[in-house]
Structures are given as structure tokens and as C-alpha cells.
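Novice: Next comes the structure file query29.cif, holding mmCIF, C-alpha atoms and all ligand atoms.
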```cif
data_entry
loop_
_atom_site.label_atom_id
_atom_site.label_comp_id
_atom_site.auth_asym_id
_atom_site.auth_seq_id
_atom_site.Cartn_x
_atom_site.Cartn_y
_atom_site.Cartn_z
CA MET A 1 -13.02 30.01 29.36
CA ARG A 2 -15.38 31.83 27.04
CA GLY A 3 -19.13 31.16 27.10
CA ALA A 4 -22.43 32.63 25.90
CA VAL A 5 -24.42 34.66 28.44
CA LEU A 6 -27.93 36.08 27.94
CA HIS A 7 -28.37 39.46 29.63
CA ALA A 8 -31.82 40.43 28.37
CA PRO A 9 -34.09 39.50 25.45
CA GLY A 10 -32.08 39.88 22.25
CA ASP A 11 -28.83 40.49 24.13
CA VAL A 12 -26.57 37.43 24.12
CA ARG A 13 -22.81 37.93 24.51
CA LEU A 14 -19.67 35.84 24.53
CA GLU A 15 -17.92 36.48 27.82
CA ARG A 16 -15.20 35.21 30.10
CA ARG A 17 -16.69 32.68 32.52
CA ASP A 18 -14.96 30.74 35.28
CA ASP A 19 -13.49 27.44 34.14
CA PRO A 20 -15.63 24.59 35.42
CA SER A 21 -14.18 22.16 37.94
CA ILE A 22 -15.17 18.87 39.55
CA ILE A 23 -17.67 19.74 42.30
CA GLU A 24 -19.26 16.35 43.00
CA PRO A 25 -17.23 13.11 42.83
CA THR A 26 -19.66 11.94 40.10
CA ASP A 27 -18.84 14.91 37.80
CA ALA A 28 -16.80 15.09 34.62
CA VAL A 29 -15.40 18.17 32.88
CA ILE A 30 -15.37 18.14 29.08
CA SER A 31 -13.89 20.43 26.42
CA LEU A 32 -16.25 21.16 23.54
CA PRO A 33 -14.93 21.07 19.96
CA ALA A 34 -18.18 22.74 18.83
CA THR A 35 -21.49 23.80 20.30
CA CYS A 36 -24.80 25.03 18.93
CA VAL A 37 -27.97 27.06 19.34
CA CYS A 38 -31.31 25.31 19.96
CA GLY A 39 -34.78 26.46 18.95
CA SER A 40 -35.69 26.41 22.64
CA ASP A 41 -32.88 28.94 23.35
CA LEU A 42 -35.01 31.36 21.34
CA TRP A 43 -37.80 31.40 23.96
CA PRO A 44 -35.77 33.40 26.52
CA TYR A 45 -33.96 35.20 23.68
CA ARG A 46 -37.31 36.46 22.41
CA GLY A 47 -38.49 37.28 25.92
CA VAL A 48 -41.34 34.73 25.69
CA GLU A 49 -39.75 33.10 28.75
CA ALA A 50 -38.53 35.40 31.50
CA VAL A 51 -34.78 36.05 31.43
CA ASP A 52 -33.33 35.63 34.90
CA GLY A 53 -30.13 37.14 33.60
CA PRO A 54 -27.28 37.23 33.18
CA ALA A 55 -27.81 33.54 32.38
CA PRO A 56 -25.31 31.10 30.83
CA MET A 57 -26.80 29.57 27.66
CA GLY A 58 -26.76 26.23 25.86
CA HIS A 59 -27.69 22.64 26.72
CA GLU A 60 -26.43 20.61 23.74
CA TYR A 61 -22.91 19.21 23.98
CA VAL A 62 -20.29 16.73 22.90
CA GLY A 63 -16.68 16.79 23.94
CA ILE A 64 -13.45 15.29 25.10
CA VAL A 65 -13.33 14.27 28.75
CA GLU A 66 -10.70 16.41 30.50
CA ALA A 67 -11.21 15.28 34.10
CA VAL A 68 -13.46 13.01 36.14
CA GLY A 69 -14.39 12.91 39.82
CA SER A 70 -13.26 10.17 42.18
CA ALA A 71 -16.58 8.25 41.98
CA VAL A 72 -16.66 8.09 38.16
CA THR A 73 -15.88 4.55 37.00
CA THR A 74 -16.81 4.08 33.33
CA ILE A 75 -16.08 7.47 31.77
CA LYS A 76 -12.37 8.19 31.30
CA PRO A 77 -10.26 11.24 30.38
CA GLY A 78 -9.56 11.36 26.63
CA GLN A 79 -12.87 9.78 25.61
CA PHE A 80 -15.21 11.54 23.18
CA VAL A 81 -18.63 11.70 24.79
CA ILE A 82 -22.21 12.77 24.09
CA GLY A 83 -24.86 13.62 26.67
CA SER A 84 -28.37 14.98 26.81
CA PHE A 85 -29.88 18.22 28.13
CA PHE A 86 -30.77 16.49 31.39
CA ALA A 87 -27.95 14.83 33.32
CA SER A 88 -29.28 11.55 34.74
CA ASP A 89 -27.96 8.70 36.88
CA ASN A 90 -29.34 6.08 34.45
CA THR A 91 -29.85 3.71 37.41
CA CYS A 92 -33.00 4.88 39.23
CA GLU A 93 -36.41 3.33 38.58
CA VAL A 94 -37.45 6.14 36.22
CA CYS A 95 -34.23 5.89 34.20
CA ARG A 96 -34.52 2.12 33.97
CA ALA A 97 -38.03 2.59 32.56
CA GLY A 98 -36.47 4.75 29.81
CA TYR A 99 -37.44 8.21 31.07
CA GLN A 100 -34.03 9.60 31.97
CA SER A 101 -35.24 13.19 31.43
CA SER A 102 -37.37 12.64 34.57
CA CYS A 103 -34.56 10.96 36.54
CA VAL A 104 -35.00 11.43 40.29
CA HIS A 105 -31.49 12.96 40.34
CA ARG A 106 -31.73 14.86 37.06
CA GLU A 107 -29.87 18.12 36.56
CA LEU A 108 -30.66 20.61 33.84
CA MET A 109 -27.61 21.21 31.63
CA GLY A 110 -29.07 24.54 30.48
CA ALA A 111 -28.34 25.92 33.95
CA ILE A 112 -24.68 24.98 33.44
CA GLY A 113 -24.56 26.52 29.96
CA THR A 114 -22.82 24.50 27.25
CA GLN A 115 -22.39 27.26 24.66
CA ALA A 116 -18.89 27.43 26.04
CA GLU A 117 -15.41 26.01 25.62
CA LEU A 118 -15.69 23.78 28.71
CA ALA A 119 -18.55 22.30 30.69
CA ARG A 120 -19.13 20.37 33.89
CA VAL A 121 -21.31 17.29 33.39
CA PRO A 122 -22.99 15.92 36.54
CA LEU A 123 -23.60 12.16 36.99
CA ALA A 124 -21.00 11.44 34.30
CA ASP A 125 -21.33 7.65 34.31
CA GLY A 126 -25.08 7.81 33.80
CA THR A 127 -25.24 10.86 31.56
CA LEU A 128 -22.46 10.34 29.04
CA VAL A 129 -22.13 7.87 26.18
CA ALA A 130 -18.63 7.42 24.73
CA THR A 131 -17.86 6.73 21.08
CA PRO A 132 -15.54 3.79 20.22
CA ASP A 133 -12.72 6.26 19.47
CA VAL A 134 -12.30 10.01 18.95
CA PRO A 135 -14.38 10.64 15.80
CA PRO A 136 -13.17 12.48 12.70
CA ASP A 137 -14.18 16.16 12.62
CA ASP A 138 -16.85 15.69 9.97
CA LEU A 139 -18.93 13.54 12.35
CA ILE A 140 -18.97 16.09 15.17
CA PRO A 141 -22.06 18.00 13.91
CA SER A 142 -24.03 14.75 13.78
CA PHE A 143 -23.05 13.75 17.33
CA LEU A 144 -23.95 17.25 18.48
CA ALA A 145 -27.36 16.84 16.82
CA ALA A 146 -27.82 13.56 18.73
CA SER A 147 -27.44 15.48 22.02
CA ASP A 148 -30.87 17.06 21.58
CA VAL A 149 -32.59 17.65 18.23
CA LEU A 150 -32.06 14.14 16.83
CA GLY A 151 -32.88 12.48 20.15
CA THR A 152 -35.96 14.67 20.51
CA GLY A 153 -37.17 14.03 16.95
CA TRP A 154 -36.52 10.33 17.50
CA PHE A 155 -38.58 10.32 20.69
CA GLY A 156 -41.36 12.17 18.84
CA ALA A 157 -41.48 9.34 16.31
CA VAL A 158 -41.28 6.63 18.98
CA ALA A 159 -43.98 8.37 21.05
CA ALA A 160 -46.16 8.46 17.92
CA GLU A 161 -45.64 4.68 17.60
CA VAL A 162 -44.11 4.99 14.14
CA SER A 163 -43.54 1.52 12.72
CA PRO A 164 -43.28 -0.18 9.32
CA GLY A 165 -46.10 0.63 6.91
CA LYS A 166 -47.53 3.57 8.84
CA THR A 167 -48.35 7.07 7.63
CA VAL A 168 -46.84 9.93 9.65
CA ALA A 169 -47.46 13.68 9.50
CA VAL A 170 -44.64 15.78 10.99
CA VAL A 171 -45.71 19.23 12.17
CA GLY A 172 -42.79 21.66 12.43
CA ASP A 173 -39.86 22.12 10.04
CA GLY A 174 -37.18 23.14 12.52
CA ALA A 175 -34.29 20.83 13.29
CA VAL A 176 -36.45 18.59 15.53
CA GLY A 177 -39.20 18.25 12.92
CA LEU A 178 -36.73 17.49 10.14
CA LEU A 179 -35.03 14.87 12.29
CA ALA A 180 -38.43 13.39 13.22
CA VAL A 181 -38.75 12.81 9.46
CA LEU A 182 -35.37 11.03 9.48
CA ALA A 183 -36.41 8.99 12.53
CA SER A 184 -39.76 8.04 10.97
CA LYS A 185 -37.94 6.84 7.87
CA ARG A 186 -35.54 4.73 9.97
CA LEU A 187 -38.48 3.31 11.94
CA GLY A 188 -40.09 2.13 8.70
CA ALA A 189 -42.91 4.60 8.01
CA GLU A 190 -44.30 4.15 4.52
CA ARG A 191 -45.60 7.64 4.00
CA ILE A 192 -44.08 10.70 5.70
CA ILE A 193 -45.86 14.01 5.28
CA ALA A 194 -43.72 17.01 6.22
CA MET A 195 -45.44 20.33 6.88
CA SER A 196 -43.20 23.18 5.71
CA ARG A 197 -43.36 26.30 3.63
CA HIS A 198 -39.61 26.96 3.43
CA GLU A 199 -37.87 25.67 0.33
CA SER A 200 -34.53 24.76 1.96
CA ARG A 201 -36.32 22.90 4.76
CA GLN A 202 -38.62 21.09 2.33
CA LYS A 203 -35.55 19.96 0.41
CA LEU A 204 -33.87 18.57 3.54
CA ALA A 205 -37.15 16.89 4.62
CA LEU A 206 -37.33 15.13 1.25
CA GLU A 207 -33.69 14.05 1.56
CA PHE A 208 -34.38 12.70 5.06
CA GLY A 209 -37.26 10.59 3.73
CA ALA A 210 -40.41 12.73 3.46
CA THR A 211 -42.75 11.51 0.71
CA ASP A 212 -45.12 14.50 0.70
CA ILE A 213 -44.86 18.19 1.57
CA ILE A 214 -47.77 20.30 2.80
CA GLU A 215 -47.36 24.08 2.79
CA GLU A 216 -50.71 24.96 4.38
CA ARG A 217 -50.97 25.49 8.13
CA GLY A 218 -53.63 25.03 10.83
CA ASP A 219 -57.09 23.78 9.72
CA GLU A 220 -56.10 24.10 6.07
CA GLY A 221 -53.05 21.94 6.68
CA ALA A 222 -55.14 19.31 8.51
CA ALA A 223 -57.58 19.31 5.57
CA ARG A 224 -54.70 18.71 3.16
CA ILE A 225 -53.56 15.73 5.27
CA ARG A 226 -57.11 14.33 5.11
CA GLU A 227 -57.04 14.65 1.31
CA LEU A 228 -53.75 12.76 1.15
CA THR A 229 -54.88 10.03 3.55
CA ASN A 230 -58.32 9.17 2.18
CA GLY A 231 -60.45 11.30 4.40
CA LEU A 232 -59.04 10.40 7.80
CA GLY A 233 -58.34 13.18 10.29
CA ALA A 234 -54.88 14.69 10.78
CA THR A 235 -54.68 11.95 13.40
CA ARG A 236 -57.25 9.22 12.82
CA PRO A 237 -59.44 7.96 15.67
CA GLY A 238 -57.20 5.67 17.69
CA GLY A 239 -54.06 7.13 16.09
CA HIS A 240 -50.97 8.27 17.94
CA ILE A 241 -49.64 11.78 18.56
CA GLY A 242 -46.07 12.28 19.74
CA TYR A 243 -45.41 15.77 21.00
CA VAL A 244 -41.97 16.94 22.00
CA GLY A 245 -42.18 20.73 22.11
CA VAL A 246 -43.14 22.70 25.20
CA THR A 247 -46.86 23.51 24.89
CA HIS A 248 -47.27 27.29 24.73
CA GLY A 249 -51.05 27.01 24.86
CA GLU A 250 -53.68 24.53 26.02
CA LEU A 251 -54.36 21.02 24.79
CA PRO A 252 -58.04 20.50 23.91
CA GLY A 253 -59.19 17.87 26.42
CA ASP A 254 -62.67 17.36 24.90
CA GLU A 255 -61.34 16.90 21.40
CA LEU A 256 -58.73 14.43 22.62
CA PHE A 257 -61.30 12.46 24.61
CA PHE A 258 -63.70 11.99 21.71
CA SER A 259 -60.97 11.30 19.15
CA HIS A 260 -59.60 8.15 20.79
CA ALA A 261 -56.17 9.56 19.96
CA HIS A 262 -53.16 8.37 21.95
CA LEU A 263 -51.05 11.22 23.20
CA HIS A 264 -47.51 10.81 24.45
CA GLY A 265 -44.66 13.25 24.75
CA GLY A 266 -42.72 15.45 27.09
CA PRO A 267 -39.06 16.43 27.43
CA ALA A 268 -37.41 13.73 25.33
CA PRO A 269 -35.51 11.04 27.26
CA VAL A 270 -32.66 11.43 24.77
CA ARG A 271 -30.33 9.32 26.90
CA ARG A 272 -32.50 6.25 26.15
CA PHE A 273 -31.67 6.55 22.45
CA LEU A 274 -28.04 7.74 22.62
CA PRO A 275 -26.31 4.33 22.38
CA GLU A 276 -28.31 3.44 19.24
CA LEU A 277 -27.98 6.90 17.68
CA THR A 278 -24.24 7.00 18.42
CA ASP A 279 -23.80 3.68 16.59
CA LEU A 280 -25.82 4.86 13.58
CA ILE A 281 -23.73 8.04 13.32
CA TRP A 282 -20.39 6.30 13.94
CA ASN A 283 -21.23 3.82 11.13
CA ARG A 284 -22.37 6.72 8.89
CA GLU A 285 -25.85 5.26 8.47
CA ILE A 286 -27.50 8.61 9.26
CA ASP A 287 -26.28 12.17 8.80
CA PRO A 288 -28.37 14.33 11.16
CA GLY A 289 -25.63 16.99 11.24
CA ARG A 290 -27.05 18.29 7.98
CA VAL A 291 -29.55 20.36 9.96
CA PHE A 292 -26.67 22.76 10.67
CA ASP A 293 -26.84 25.21 7.79
CA LEU A 294 -24.83 27.98 9.42
CA THR A 295 -21.38 27.66 11.01
CA LEU A 296 -19.91 30.58 12.92
CA PRO A 297 -17.04 31.15 15.33
CA LEU A 298 -18.20 31.09 18.96
CA ALA A 299 -17.31 34.80 19.11
CA GLU A 300 -20.23 35.47 16.74
CA VAL A 301 -22.81 33.75 18.94
CA ALA A 302 -25.07 36.83 18.80
CA GLU A 303 -25.35 36.52 15.02
CA GLY A 304 -26.00 32.78 15.44
CA TYR A 305 -29.06 33.57 17.57
CA ARG A 306 -30.23 36.36 15.23
CA ALA A 307 -30.02 34.11 12.17
CA MET A 308 -32.21 31.47 13.84
CA ASP A 309 -34.61 34.03 15.29
CA GLU A 310 -35.14 35.49 11.81
CA ARG A 311 -35.39 31.97 10.36
CA ARG A 312 -32.40 32.62 8.09
CA ALA A 313 -30.82 29.48 9.57
CA ILE A 314 -32.31 26.13 10.61
CA LYS A 315 -29.60 25.60 13.21
CA THR A 316 -26.33 27.33 14.04
CA LEU A 317 -23.10 25.46 14.73
CA LEU A 318 -20.55 27.39 16.81
CA CYS A 319 -16.85 26.54 16.69
CA PRO A 320 -14.33 27.98 19.19
ZN ZN B 1 -32.36 8.22 37.21
#
```
Spell out the structure here as C-alpha cells.
Ligand SMILES: [Zn+2]
Specialist:
Amino acid sequence: MRGAVLHAPGDVRLERRDDPSIIEPTDAVISLPATCVCGSDLWPYRGVEAVDGPAPMGHEYVGIVEAVGSAVTTIKPGQFVIGSFFASDNTCEVCRAGYQSSCVHRELMGAIGTQAELARVPLADGTLVATPDVPPDDLIPSFLAASDVLGTGWFGAVAAEVSPGKTVAVVGDGAVGLLAVLASKRLGAERIIAMSRHESRQKLALEFGATDIIEERGDEGAARIRELTNGLGATRPGGHIGYVGVTHGELPGDELFFSHAHLHGGPAPVRRFLPELTDLIWNREIDPGRVFDLTLPLAEVAEGYRAMDERRAIKTLLCP
């Protein structure tokens, strides 16, 4: 099969890789009708994270089940399935509490590399959610979004305790931020403030349900939120902060302590939300696939990364 491999910062190539096979009896092998590039793929691409190369790339995936191991009971060949960036058994105590991304048996899909034509999925019964039938092609981008960026944005909103009548400020206008706007809208927020200075992203934020746009950043941006929310802080005392991006810096402990703010986040347990998100997409109630504003053949994966790195694209869809 062909798959994306990162050799060094800025150097991602489509190469021949070995076809995956069933290694553990709980595995499945899927074929991917499309794959995509994530904002977090840019950290090693930019050299901000060390590249232990050559490294297979990609952790977002949907696909048709091609084969299953002997211990797989619910997932069947021919099904269309969606999974998250952590494979999980969905049965351990941590999974049952809704934190599948910390499953005691979790496996990182990024190490397997799903920017490829085929992928092995560990713990198939726990990891994968099947759609009622094979979906029409136009729904595939939305299911692919559910695999990470929608699920992550959704968790951000849930972690921030978004509920009917609340005011939410979304920091970040990448795919996750934009889909946190969509999630906040679905969860009933009354006012959704999106922070963005890019016209195309502002437009999508408004379409997803944002009521206000703030172009300023940092302290200036926080001041603008205070103006819009009658003098409260960016997060009011006792308010909730959901954070779903890896922290490339330090969280201010003192400030948090004296603010009474609730803080919850981490690698999103996307698997918790997949059944609900799959239903919403299948019934065409949400269209998260609109975050893909660039579609390229898999062979042009290098350009897909460049376009996102240079912020010419929100998110790149790659088709074989
Ligand atoms: Zn588990």
C-alpha cells in the first residue's frame, strides 16, 4: 500500500509501505476511502516535536472493514467504521467512565499511521463504531471529521460545561475550534464568541453558530470578551475552561487558584461521543466535513501539509 512517511521536519513523502495484517486476534484491517492531515501533525512537521523518523503519519480514519481477527465479535467485514486516535477496549474502568483516550489498553493510532490506503485497528470491537450502512460519498468528510477534530471540539465544549443559555468564547480558529463552535451551538449555548482574524474561518464560524467574532488576540482579545459580556473576565470566577490542545507552555497555577475557574481537558475521549456524532452525521443534522477546504490526491500529501502549515488551508482531505 501507499502511505505518508515523515523523514525530517518539512519532509513528508508518499511511499510504499507494507500492507497491514491481523497481528492480534482483536485487530481489524480497514481500507480508507479518504484520509486527512491534522493540526497536530504539524508539530513534528515543523520540528517543534522531535521527528523520530522515518515515521508513518496520520491518526484520523474511517473505512471499510476488510478483515477481522478471530476474537472480534461485533465488527464485521464490509462495515463502514469510524474510530478515534486512541484505540481502546471500551470495557475497562476508565473507558466505562468515559475516558477511552486513557484506556488501560490504549494504543496510539498515530504510531500505525492512517494517512495510508489501509490501516490496522487494534481492539476493533471497542475502538470502532459502525454506521447503519455504507454511507454515500458526500458524508465521508464529515465522518472523517468525527474521528478527531469534531470529537475533540465536542469534548472541549462538554469539558467547558456548555449548556443552554450559556455564553462561550472559543479560542482557536482551526478545525477543532470551528467544530467547538458547532458543538456549543448543538449543546444550546446562547452566545458563542469565536476568536479569529481569518475571513474564511470567521465565515465558517458564523455558519456553525458563532454570534460574535473577535479579531484581537491575547490580553486585547480577553478585554474585548469582557466588553461583550458586561465586564466579566474571559472566564468569569467560577466559570469553566475546556482545553483540548497540547499545552506548549505552562498553565498559571496562581491565577487559576484565585479565579475559581474550573479547568478540564486533555486528549479528547472521542470514542465516548462517536455513537452520538455518527447518528447526527448519518441523519444530516450536522455537516462538520465543511472544515475540509482543500482536497488533494494522496500522492500530493506534501502539498497538503504545506498548505496547512502556511495556513492556506484549514484542513486537507486526501483521496487515494
Ligand atoms: Zn479501556
Novice: Nearest residue to Ile82 of chain A out of A:Val62, A:Ala34, A:Val68, A:Leu280, using all atoms listed in the file?
Specialist: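 With all atoms listed in the file as the atom set, the closest residue is A:Val62.
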Novice: What is the atom CA of Arg226 of chain A-atom CA of Gly239 of chain A distance in Å, reported with one decimal?
Specialist: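 Between atom CA of Arg226 of chain A and atom CA of Gly239 of chain A the gap works out to 13.5 Å.
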Novice: Nearest to Thr26 of chain A among A:Thr73, A:Ser142, A:Asn283, A:Ser40, with distances taken over all atoms listed in the file: which residue is it?
Specialist: A:Thr73
Novice: Sorted by chain and rising residue number, which residues of chain A lie within 9 Å of ligand ZN 1 (chain B), and what are their closest atom pairs and distances in Å to one decimal, counting all atoms listed in the file, as a Markdown table?
Specialist:
```
| residue | atom | partner | partner_atom | distance |
| --- | --- | --- | --- | --- |
| A:Ala87 | CA | B:ZN1 | ZN | 8.8 |
| A:Ser88 | CA | B:ZN1 | ZN | 5.2 |
| A:Asp89 | CA | B:ZN1 | ZN | 4.4 |
| A:Asn90 | CA | B:ZN1 | ZN | 4.6 |
| A:Thr91 | CA | B:ZN1 | ZN | 5.2 |
| A:Cys92 | CA | B:ZN1 | ZN | 4.0 |
| A:Glu93 | CA | B:ZN1 | ZN | 6.5 |
| A:Val94 | CA | B:ZN1 | ZN | 5.6 |
| A:Cys95 | CA | B:ZN1 | ZN | 4.2 |
| A:Arg96 | CA | B:ZN1 | ZN | 7.2 |
| A:Tyr99 | CA | B:ZN1 | ZN | 8.0 |
| A:Gln100 | CA | B:ZN1 | ZN | 5.7 |
| A:Ser101 | CA | B:ZN1 | ZN | 8.1 |
| A:Ser102 | CA | B:ZN1 | ZN | 7.2 |
| A:Cys103 | CA | B:ZN1 | ZN | 3.6 |
| A:Val104 | CA | B:ZN1 | ZN | 5.2 |
| A:His105 | CA | B:ZN1 | ZN | 5.7 |
| A:Arg106 | CA | B:ZN1 | ZN | 6.7 |
| A:Gly126 | CA | B:ZN1 | ZN | 8.0 |
```
Novice: Counting only C-alpha atoms, which of A:Glu190, A:Asp41, A:Glu227, A:Asp52 gets nearest to Lys166 of chain A?
Specialist: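 Comparing A:Glu190, A:Asp41, A:Glu227, A:Asp52 against Lys166 of chain A, the winner is A:Glu190.
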Novice: Any idea what's packed within 9 Å of Pro267 of chain A, counting only C-alpha atoms, ignoring anything in its chain fewer than 2 positions away? Could you give it as a list in words?
Specialist: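 Counting only C-alpha atoms, the residues come to Ser101, Ser102, Thr152, Val244, Gly245, Val246, Gly265, Pro269 and Val270 of chain A.
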Novice: From the options A:Thr35, A:Asp133, A:Ile112, A:Leu42, which residue's atoms come nearest to Phe80 of chain A, counting only C-alpha atoms?
Specialist: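 For Phe80 of chain A, the nearest of the candidates is A:Asp133.
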Novice: Looking at A:Asp219, A:Asp293, A:Glu303, A:Glu310, which one is nearest to Asp11 of chain A, with distances taken over only C-alpha atoms?
Specialist: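 Closest candidate: A:Glu303.
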Novice: Counting only C-alpha atoms, which residue out of A:Ile193, A:Val176, A:Leu108, A:Val48 sits closest to Ala145 of chain A?
Specialist: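 Smallest separation from Ala145 of chain A among the options: A:Val176.
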Novice: Could you name the residues that touch segment 200-215 of chain A at 10 Å or less, counting all atoms listed in the file, but leaving out those on the same chain fewer than 2 positions away, as a PDB file with C-alpha atoms, in the coordinates of the input?
Specialist:
```
ATOM      1  CA  THR A 167     -48.350   7.070   7.630  1.00  0.00           C
ATOM      2  CA  VAL A 168     -46.840   9.930   9.650  1.00  0.00           C
ATOM      3  CA  ALA A 169     -47.460  13.680   9.500  1.00  0.00           C
ATOM      4  CA  VAL A 170     -44.640  15.780  10.990  1.00  0.00           C
ATOM      5  CA  VAL A 171     -45.710  19.230  12.170  1.00  0.00           C
ATOM      6  CA  ASP A 173     -39.860  22.120  10.040  1.00  0.00           C
ATOM      7  CA  GLY A 174     -37.180  23.140  12.520  1.00  0.00           C
ATOM      8  CA  ALA A 175     -34.290  20.830  13.290  1.00  0.00           C
ATOM      9  CA  GLY A 177     -39.200  18.250  12.920  1.00  0.00           C
ATOM     10  CA  LEU A 178     -36.730  17.490  10.140  1.00  0.00           C
ATOM     11  CA  LEU A 179     -35.030  14.870  12.290  1.00  0.00           C
ATOM     12  CA  ALA A 180     -38.430  13.390  13.220  1.00  0.00           C
ATOM     13  CA  VAL A 181     -38.750  12.810   9.460  1.00  0.00           C
ATOM     14  CA  LEU A 182     -35.370  11.030   9.480  1.00  0.00           C
ATOM     15  CA  ALA A 183     -36.410   8.990  12.530  1.00  0.00           C
ATOM     16  CA  SER A 184     -39.760   8.040  10.970  1.00  0.00           C
ATOM     17  CA  LYS A 185     -37.940   6.840   7.870  1.00  0.00           C
ATOM     18  CA  ARG A 186     -35.540   4.730   9.970  1.00  0.00           C
ATOM     19  CA  ALA A 189     -42.910   4.600   8.010  1.00  0.00           C
ATOM     20  CA  GLU A 190     -44.300   4.150   4.520  1.00  0.00           C
ATOM     21  CA  ARG A 191     -45.600   7.640   4.000  1.00  0.00           C
ATOM     22  CA  ILE A 192     -44.080  10.700   5.700  1.00  0.00           C
ATOM     23  CA  ILE A 193     -45.860  14.010   5.280  1.00  0.00           C
ATOM     24  CA  ALA A 194     -43.720  17.010   6.220  1.00  0.00           C
ATOM     25  CA  MET A 195     -45.440  20.330   6.880  1.00  0.00           C
ATOM     26  CA  SER A 196     -43.200  23.180   5.710  1.00  0.00           C
ATOM     27  CA  ARG A 197     -43.360  26.300   3.630  1.00  0.00           C
ATOM     28  CA  HIS A 198     -39.610  26.960   3.430  1.00  0.00           C
ATOM     29  CA  ARG A 217     -50.970  25.490   8.130  1.00  0.00           C
ATOM     30  CA  GLU A 220     -56.100  24.100   6.070  1.00  0.00           C
ATOM     31  CA  GLY A 221     -53.050  21.940   6.680  1.00  0.00           C
ATOM     32  CA  ALA A 222     -55.140  19.310   8.510  1.00  0.00           C
ATOM     33  CA  ARG A 224     -54.700  18.710   3.160  1.00  0.00           C
ATOM     34  CA  ILE A 225     -53.560  15.730   5.270  1.00  0.00           C
ATOM     35  CA  LEU A 228     -53.750  12.760   1.150  1.00  0.00           C
ATOM     36  CA  ILE A 286     -27.500   8.610   9.260  1.00  0.00           C
ATOM     37  CA  ASP A 287     -26.280  12.170   8.800  1.00  0.00           C
ATOM     38  CA  PRO A 288     -28.370  14.330  11.160  1.00  0.00           C
ATOM     39  CA  ARG A 290     -27.050  18.290   7.980  1.00  0.00           C
ATOM     40  CA  VAL A 291     -29.550  20.360   9.960  1.00  0.00           C
ATOM     41  CA  ASP A 293     -26.840  25.210   7.790  1.00  0.00           C
ATOM     42  CA  ALA A 313     -30.820  29.480   9.570  1.00  0.00           C
ATOM     43  CA  ILE A 314     -32.310  26.130  10.610  1.00  0.00           C
TER      44      ILE A 314
END
```
Novice: Could you work out how far atom CA of Met308 of chain A lies from atom CA of Leu14 of chain A, giving the answer in Å with one decimal?
Specialist: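 A separation of 17.0 Å between them.
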Novice: What is the distance, in Å and to one decimal place, between atom CA of Asp18 of chain A and atom CA of Gly3 of chain A?
Specialist: 9.2 Å
Novice: Env of Asp148 of chain A: 9 Å cut, atoms = all atoms listed in the file, seq-sep filter 3 positions within chain, self excluded. Answer as a VMD selection string.
Specialist: chain A and resid 38 59 to 61 83 to 85 144 to 145 151 to 153 176 268 270
Novice: Do a neighbour search on segment 55-58 of chain A at 6 Å with all atoms listed in the file, toss out local chain neighbours closer than 6 positions, and write the hits as a PDB file with C-alpha atoms, in the frame of the given file.
Specialist:
```
ATOM      1  CA  ALA A   4     -22.430  32.630  25.900  1.00  0.00           C
ATOM      2  CA  VAL A   5     -24.420  34.660  28.440  1.00  0.00           C
ATOM      3  CA  LEU A   6     -27.930  36.080  27.940  1.00  0.00           C
ATOM      4  CA  GLY A 110     -29.070  24.540  30.480  1.00  0.00           C
ATOM      5  CA  GLY A 113     -24.560  26.520  29.960  1.00  0.00           C
ATOM      6  CA  THR A 114     -22.820  24.500  27.250  1.00  0.00           C
ATOM      7  CA  GLN A 115     -22.390  27.260  24.660  1.00  0.00           C
TER       8      GLN A 115
END
```
Novice: Neighbourhood query: residues within 7 Å of (-16.6, 32.2, 14.4), file coordinates, counting only C-alpha atoms; return as an MDAnalysis selection string.
Specialist: chainID A and resid 296:300 318:320
